[in-house]
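Right, one structure below, let's go through it.
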Amino acid sequence: MINNPNKALWEKGDFTKIAAFMRQSGEVVAESLHVTPQMKVLDLGCGDGTTAVPLARLGARVLGIDIARNLVEAGNKRAVALGLRNLRFQEGDASNLQDVVDNYFDLTLSVFGAMFAPKPFEVAREMVRVTRPGGRIVMGNWIPNDPTFVSQVLKISSAFMPPPPEGFISPMTWGVENNIIERFGEAGVPKEKVAMVKDTYYFASADQSPTRFIELFELFYGPTMNAVEAAQKNGKVGELHNLLVDVAKTQSKSKDVGTLIPATFMRVTVSV
Ligand SMILES: C[S@@+](CC[C@H](N)C(=O)[O-])C[C@H]1O[C@@H](n2cnc3c(N)ncnc32)[C@H](O)[C@@H]1O
């Protein structure tokens with residue numbers, strides 16, 4: 001994986017700093033999946049285990065796969081610290097799950113993870129391949145041009161970046177119904193077996209403010225770090241910062257010093 005820009009993007013910062021705001025919603029997502037003990041679950045683009053940890057606590061046998069080595073390490077440390085022997089993390093690419101056998105998992109989950117892998121048709125094919133017939137795939141995907149938090153942070157960040165290379169497919173295209181149907185269709189799943197519904201995810205902290213949350217994006221979240229670097233080169237870093245802080249402050253519902261920001265996403269459930 002030498003010179004893999006997708007891997008470099010996510011290893012650049014430290015996503016665990018953002019994930020600290022996602023723990024409660026990660027638990028809510030895990031509980032909504034109704035896993036049963038011993039169920040075999042794959043969490044793709046799992047980060048440090050926002051959903052993988054609560055799924056393992058519910059008794060599932062969970063494998064987390066992520067492209068970023070630092071996040072895999074962080075996840076494995078959490079699993080050991082929590083004594084979760086039914087949870088492990090390994091490095092891998094959602095577009096090519098070469099170490100994973102066919103028809104194995106009861107549930108393949110990817111919450112804002114596989115959407116960031118290039119080659120979306122290969123991602124869909126791989127998710128279908130590793131899920132057993134009768135099993136499920138569940139994806140959480142951000143929605144392009146949605147007015148809520150993450151879509152706006154990504155939109156603002158990319159406006160400060162040079163144009164992407166030719167042929168680049170935006171991760172946000174995973175939030176569009178026709179694309180989702182087409183990608184799973186190419187992987188052999190008819191559209192009747194793909195359900196899509198808008199859902200809300202919350203970024204929450206009792207003691208860190210919306211402004212601090214944005215500073216963490218600027219310091220540790222690969223896509224925003226790249227935007228800050230590009231903005232620094234043309235003297236626009238203050239403008240970028242103000243736009244991001246404005247989104248976070250206006251969208252936070254917290255009544256005190258903390259942060260509570262809702263964000264709309266597309267929840268996709270595929271019956272395999
Ligand atoms: C926004 S984070 C979400 C992490 C986690 N699912 C969570 O809810 O905290 C996106 C994750 O996708 C991972 N990722 C990006 N491209 C990937 C790929 N091609 N294969 C596997 N993971 C990937 C990143 O390393 C990162 O951990």
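Quick note on naming: the chains in the structure tokens go A, B, ... in the order shown, residues restart at 1 in each chain, and ligands are numbered from 1 in order of appearance.
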Practice prompt. Can you check which residues of stretch 48-217 of chain A DSSP gives as helix (DSSP H, G or I) on the backbone and send them as number ranges by chain?
Written response: A: 52-57, 69-81, 114-116, 120-130, 149-159, 171-175, 177-186, 191-193, 210-217
Please, could you write that set of residues out with C-alpha atoms as a PDB file, in the first residue's frame?
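And here's result_23.pdb as it stands now:
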ATOM      1  CA  ALA A  52     -17.263  -2.242  16.861  1.00  0.00           C
ATOM      2  CA  VAL A  53     -16.799  -1.879  20.639  1.00  0.00           C
ATOM      3  CA  PRO A  54     -20.504  -1.626  21.544  1.00  0.00           C
ATOM      4  CA  LEU A  55     -21.321  -4.468  19.125  1.00  0.00           C
ATOM      5  CA  ALA A  56     -18.759  -6.670  20.868  1.00  0.00           C
ATOM      6  CA  ARG A  57     -20.230  -5.659  24.240  1.00  0.00           C
ATOM      7  CA  ARG A  69      -2.698   1.601  10.841  1.00  0.00           C
ATOM      8  CA  ASN A  70      -2.877   4.080  13.761  1.00  0.00           C
ATOM      9  CA  LEU A  71      -6.633   3.530  14.137  1.00  0.00           C
ATOM     10  CA  VAL A  72      -6.270  -0.263  14.020  1.00  0.00           C
ATOM     11  CA  GLU A  73      -3.680   0.022  16.803  1.00  0.00           C
ATOM     12  CA  ALA A  74      -5.954   2.313  18.820  1.00  0.00           C
ATOM     13  CA  GLY A  75      -8.864  -0.109  18.357  1.00  0.00           C
ATOM     14  CA  ASN A  76      -6.870  -3.131  19.452  1.00  0.00           C
ATOM     15  CA  LYS A  77      -5.699  -1.215  22.550  1.00  0.00           C
ATOM     16  CA  ARG A  78      -9.324  -0.413  23.421  1.00  0.00           C
ATOM     17  CA  ALA A  79     -10.351  -4.060  22.939  1.00  0.00           C
ATOM     18  CA  VAL A  80      -7.565  -5.241  25.288  1.00  0.00           C
ATOM     19  CA  ALA A  81      -8.266  -2.526  27.881  1.00  0.00           C
ATOM     20  CA  ALA A 114     -16.422   2.381   3.307  1.00  0.00           C
ATOM     21  CA  MET A 115     -17.903   5.513   1.722  1.00  0.00           C
ATOM     22  CA  PHE A 116     -14.385   6.996   1.887  1.00  0.00           C
ATOM     23  CA  PRO A 120     -17.258   2.353  -4.930  1.00  0.00           C
ATOM     24  CA  PHE A 121     -18.357  -0.490  -7.223  1.00  0.00           C
ATOM     25  CA  GLU A 122     -15.562  -2.672  -5.864  1.00  0.00           C
ATOM     26  CA  VAL A 123     -16.530  -1.719  -2.307  1.00  0.00           C
ATOM     27  CA  ALA A 124     -20.138  -2.821  -2.928  1.00  0.00           C
ATOM     28  CA  ARG A 125     -18.955  -6.056  -4.539  1.00  0.00           C
ATOM     29  CA  GLU A 126     -16.626  -6.830  -1.638  1.00  0.00           C
ATOM     30  CA  MET A 127     -19.308  -6.136   0.987  1.00  0.00           C
ATOM     31  CA  VAL A 128     -21.714  -8.476  -0.809  1.00  0.00           C
ATOM     32  CA  ARG A 129     -19.031 -11.139  -1.307  1.00  0.00           C
ATOM     33  CA  VAL A 130     -18.074 -11.413   2.378  1.00  0.00           C
ATOM     34  CA  PHE A 149     -22.955  19.449  10.068  1.00  0.00           C
ATOM     35  CA  VAL A 150     -20.647  16.880   8.434  1.00  0.00           C
ATOM     36  CA  SER A 151     -21.854  17.501   4.885  1.00  0.00           C
ATOM     37  CA  GLN A 152     -21.214  21.208   5.435  1.00  0.00           C
ATOM     38  CA  VAL A 153     -17.759  20.648   7.002  1.00  0.00           C
ATOM     39  CA  LEU A 154     -16.745  18.478   4.033  1.00  0.00           C
ATOM     40  CA  LYS A 155     -18.227  20.923   1.520  1.00  0.00           C
ATOM     41  CA  ILE A 156     -16.491  23.939   3.094  1.00  0.00           C
ATOM     42  CA  SER A 157     -13.211  22.002   3.398  1.00  0.00           C
ATOM     43  CA  SER A 158     -13.238  20.919  -0.248  1.00  0.00           C
ATOM     44  CA  ALA A 159     -13.968  24.488  -1.421  1.00  0.00           C
ATOM     45  CA  PRO A 171     -17.232   9.802  -1.219  1.00  0.00           C
ATOM     46  CA  MET A 172     -20.424  11.865  -0.934  1.00  0.00           C
ATOM     47  CA  THR A 173     -21.860  10.066  -3.980  1.00  0.00           C
ATOM     48  CA  TRP A 174     -22.572   7.192  -1.523  1.00  0.00           C
ATOM     49  CA  GLY A 175     -25.321   9.392  -0.054  1.00  0.00           C
ATOM     50  CA  GLU A 177     -30.111   6.788  -3.731  1.00  0.00           C
ATOM     51  CA  ASN A 178     -29.537   6.069  -7.436  1.00  0.00           C
ATOM     52  CA  ASN A 179     -25.824   5.497  -6.880  1.00  0.00           C
ATOM     53  CA  ILE A 180     -26.479   3.156  -3.968  1.00  0.00           C
ATOM     54  CA  ILE A 181     -28.919   1.097  -6.041  1.00  0.00           C
ATOM     55  CA  GLU A 182     -26.596   1.031  -9.042  1.00  0.00           C
ATOM     56  CA  ARG A 183     -23.557  -0.034  -6.990  1.00  0.00           C
ATOM     57  CA  PHE A 184     -25.330  -2.863  -5.165  1.00  0.00           C
ATOM     58  CA  GLY A 185     -27.115  -3.770  -8.425  1.00  0.00           C
ATOM     59  CA  GLU A 186     -23.748  -4.299 -10.132  1.00  0.00           C
ATOM     60  CA  LYS A 191     -33.124  -2.864  -5.807  1.00  0.00           C
ATOM     61  CA  GLU A 192     -36.027  -4.432  -3.861  1.00  0.00           C
ATOM     62  CA  LYS A 193     -33.429  -5.657  -1.385  1.00  0.00           C
ATOM     63  CA  PRO A 210     -18.256  23.649  19.319  1.00  0.00           C
ATOM     64  CA  THR A 211     -15.224  25.902  18.707  1.00  0.00           C
ATOM     65  CA  ARG A 212     -12.935  23.304  20.304  1.00  0.00           C
ATOM     66  CA  PHE A 213     -14.618  20.618  18.181  1.00  0.00           C
ATOM     67  CA  ILE A 214     -13.676  22.557  15.029  1.00  0.00           C
ATOM     68  CA  GLU A 215     -10.105  23.017  16.293  1.00  0.00           C
ATOM     69  CA  LEU A 216      -9.918  19.222  16.625  1.00  0.00           C
ATOM     70  CA  PHE A 217     -11.073  18.853  12.990  1.00  0.00           C
TER      71      PHE A 217
END
Discussion item. So that I can check the secondary structure, give me every residue of stretch 6-253 of chain A assigned strand (DSSP E) by backbone DSSP, as a ChimeraX atom specification.
Written reply: /A:40-44,61-66,87-91,105-111,131-142,194-205
Would you export the selected residues with N, CA and C atoms as a tab-separated table (two decimals), in the first residue's frame, please?
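Saved as again.tsv:
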chain	number	residue	atom	x	y	z
A	40	LYS	N	-21.62	-13.11	13.68
A	40	LYS	CA	-20.33	-12.70	13.10
A	40	LYS	C	-20.51	-11.35	12.38
A	41	VAL	N	-19.81	-10.35	12.88
A	41	VAL	CA	-19.99	-8.98	12.37
A	41	VAL	C	-18.67	-8.43	11.85
A	42	LEU	N	-18.72	-7.84	10.66
A	42	LEU	CA	-17.58	-7.10	10.12
A	42	LEU	C	-17.91	-5.61	10.19
A	43	ASP	N	-17.01	-4.83	10.80
A	43	ASP	CA	-17.18	-3.37	10.80
A	43	ASP	C	-16.08	-2.80	9.90
A	44	LEU	N	-16.50	-2.27	8.75
A	44	LEU	CA	-15.55	-1.81	7.73
A	44	LEU	C	-15.30	-0.31	7.86
A	61	ARG	N	-19.36	-11.44	17.62
A	61	ARG	CA	-17.93	-11.68	17.34
A	61	ARG	C	-17.54	-10.71	16.23
A	62	VAL	N	-16.77	-9.71	16.60
A	62	VAL	CA	-16.58	-8.57	15.70
A	62	VAL	C	-15.14	-8.49	15.17
A	63	LEU	N	-15.06	-8.32	13.84
A	63	LEU	CA	-13.78	-7.99	13.21
A	63	LEU	C	-13.90	-6.56	12.68
A	64	GLY	N	-12.99	-5.70	13.09
A	64	GLY	CA	-12.94	-4.34	12.55
A	64	GLY	C	-11.83	-4.27	11.52
A	65	ILE	N	-12.14	-3.75	10.35
A	65	ILE	CA	-11.10	-3.56	9.33
A	65	ILE	C	-11.05	-2.08	8.99
A	66	ASP	N	-9.82	-1.56	8.98
A	66	ASP	CA	-9.64	-0.14	8.65
A	66	ASP	C	-8.33	0.03	7.90
A	87	LEU	N	-13.41	-9.28	19.99
A	87	LEU	CA	-13.23	-8.12	19.11
A	87	LEU	C	-11.77	-7.99	18.72
A	88	ARG	N	-11.53	-7.91	17.41
A	88	ARG	CA	-10.17	-7.58	16.98
A	88	ARG	C	-10.21	-6.71	15.74
A	89	PHE	N	-9.11	-5.99	15.56
A	89	PHE	CA	-9.02	-5.03	14.46
A	89	PHE	C	-7.84	-5.41	13.58
A	90	GLN	N	-8.00	-5.25	12.27
A	90	GLN	CA	-6.87	-5.47	11.37
A	90	GLN	C	-6.90	-4.48	10.22
A	91	GLU	N	-5.71	-4.29	9.63
A	91	GLU	CA	-5.60	-3.34	8.54
A	91	GLU	C	-6.16	-3.95	7.26
A	105	PHE	N	-19.82	-13.32	6.94
A	105	PHE	CA	-20.39	-12.50	8.01
A	105	PHE	C	-21.93	-12.48	7.97
A	106	ASP	N	-22.53	-12.51	9.17
A	106	ASP	CA	-23.98	-12.34	9.28
A	106	ASP	C	-24.36	-10.89	9.02
A	107	LEU	N	-23.47	-10.00	9.44
A	107	LEU	CA	-23.71	-8.56	9.29
A	107	LEU	C	-22.42	-7.86	8.89
A	108	THR	N	-22.48	-7.12	7.79
A	108	THR	CA	-21.36	-6.25	7.41
A	108	THR	C	-21.84	-4.81	7.59
A	109	LEU	N	-21.12	-4.09	8.44
A	109	LEU	CA	-21.52	-2.73	8.81
A	109	LEU	C	-20.44	-1.75	8.36
A	110	SER	N	-20.86	-0.59	7.92
A	110	SER	CA	-19.86	0.45	7.69
A	110	SER	C	-20.49	1.82	7.93
A	111	VAL	N	-20.09	2.43	9.03
A	111	VAL	CA	-20.67	3.73	9.41
A	111	VAL	C	-19.65	4.82	9.04
A	131	THR	N	-20.47	-11.21	2.86
A	131	THR	CA	-21.67	-11.37	3.69
A	131	THR	C	-22.39	-12.65	3.27
A	132	ARG	N	-22.84	-13.44	4.24
A	132	ARG	CA	-23.47	-14.74	3.89
A	132	ARG	C	-24.87	-14.51	3.31
A	133	PRO	N	-25.33	-15.40	2.43
A	133	PRO	CA	-26.71	-15.30	1.95
A	133	PRO	C	-27.66	-15.33	3.15
A	134	GLY	N	-28.63	-14.45	3.18
A	134	GLY	CA	-29.51	-14.34	4.35
A	134	GLY	C	-29.00	-13.30	5.35
A	135	GLY	N	-27.79	-12.82	5.15
A	135	GLY	CA	-27.22	-11.81	6.05
A	135	GLY	C	-27.58	-10.39	5.59
A	136	ARG	N	-26.99	-9.41	6.29
A	136	ARG	CA	-27.32	-8.00	6.03
A	136	ARG	C	-26.06	-7.17	5.84
A	137	ILE	N	-26.21	-6.12	5.06
A	137	ILE	CA	-25.17	-5.07	5.00
A	137	ILE	C	-25.85	-3.79	5.47
A	138	VAL	N	-25.22	-3.08	6.38
A	138	VAL	CA	-25.77	-1.78	6.81
A	138	VAL	C	-24.68	-0.73	6.63
A	139	MET	N	-25.03	0.34	5.92
A	139	MET	CA	-24.07	1.44	5.72
A	139	MET	C	-24.66	2.74	6.26
A	140	GLY	N	-23.83	3.57	6.83
A	140	GLY	CA	-24.20	4.95	7.14
A	140	GLY	C	-23.36	5.85	6.23
A	141	ASN	N	-24.03	6.69	5.45
A	141	ASN	CA	-23.31	7.53	4.47
A	141	ASN	C	-23.75	8.99	4.61
A	142	TRP	N	-22.80	9.89	4.58
A	142	TRP	CA	-23.16	11.32	4.55
A	142	TRP	C	-23.78	11.66	3.21
A	194	VAL	N	-32.72	-3.35	-1.27
A	194	VAL	CA	-31.95	-2.22	-0.73
A	194	VAL	C	-32.91	-1.20	-0.14
A	195	ALA	N	-32.83	-0.99	1.17
A	195	ALA	CA	-33.70	-0.01	1.83
A	195	ALA	C	-32.86	1.19	2.26
A	196	MET	N	-33.43	2.39	2.05
A	196	MET	CA	-32.67	3.59	2.40
A	196	MET	C	-33.57	4.53	3.19
A	197	VAL	N	-33.04	5.06	4.28
A	197	VAL	CA	-33.83	5.96	5.11
A	197	VAL	C	-32.88	7.01	5.71
A	198	LYS	N	-33.38	8.23	5.84
A	198	LYS	CA	-32.53	9.26	6.47
A	198	LYS	C	-32.62	9.12	7.99
A	199	ASP	N	-31.48	9.29	8.63
A	199	ASP	CA	-31.38	9.08	10.07
A	199	ASP	C	-30.51	10.21	10.65
A	200	THR	N	-30.47	10.32	11.97
A	200	THR	CA	-29.68	11.41	12.58
A	200	THR	C	-28.61	10.85	13.50
A	201	TYR	N	-27.42	11.40	13.37
A	201	TYR	CA	-26.28	11.02	14.20
A	201	TYR	C	-25.92	12.24	15.04
A	202	TYR	N	-25.51	12.04	16.29
A	202	TYR	CA	-25.17	13.17	17.16
A	202	TYR	C	-23.69	13.17	17.53
A	203	PHE	N	-23.07	14.33	17.42
A	203	PHE	CA	-21.72	14.52	17.93
A	203	PHE	C	-21.86	15.22	19.28
A	204	ALA	N	-21.36	14.58	20.32
A	204	ALA	CA	-21.66	15.10	21.66
A	204	ALA	C	-20.42	15.12	22.55
A	205	SER	N	-20.33	16.20	23.33
A	205	SER	CA	-19.33	16.28	24.40
A	205	SER	C	-19.91	17.12	25.52
Practice prompt. Return as a VMD selection string the residues of protein, DNA or RNA that approach ligand 1 to within 7 Å, with only C-alpha atoms and all ligand atoms taken into account.
Written response: chain A and resid 6 to 7 10 to 11 15 19 22 26 44 to 51 65 to 68 71 92 to 95 110 to 114 116 to 118
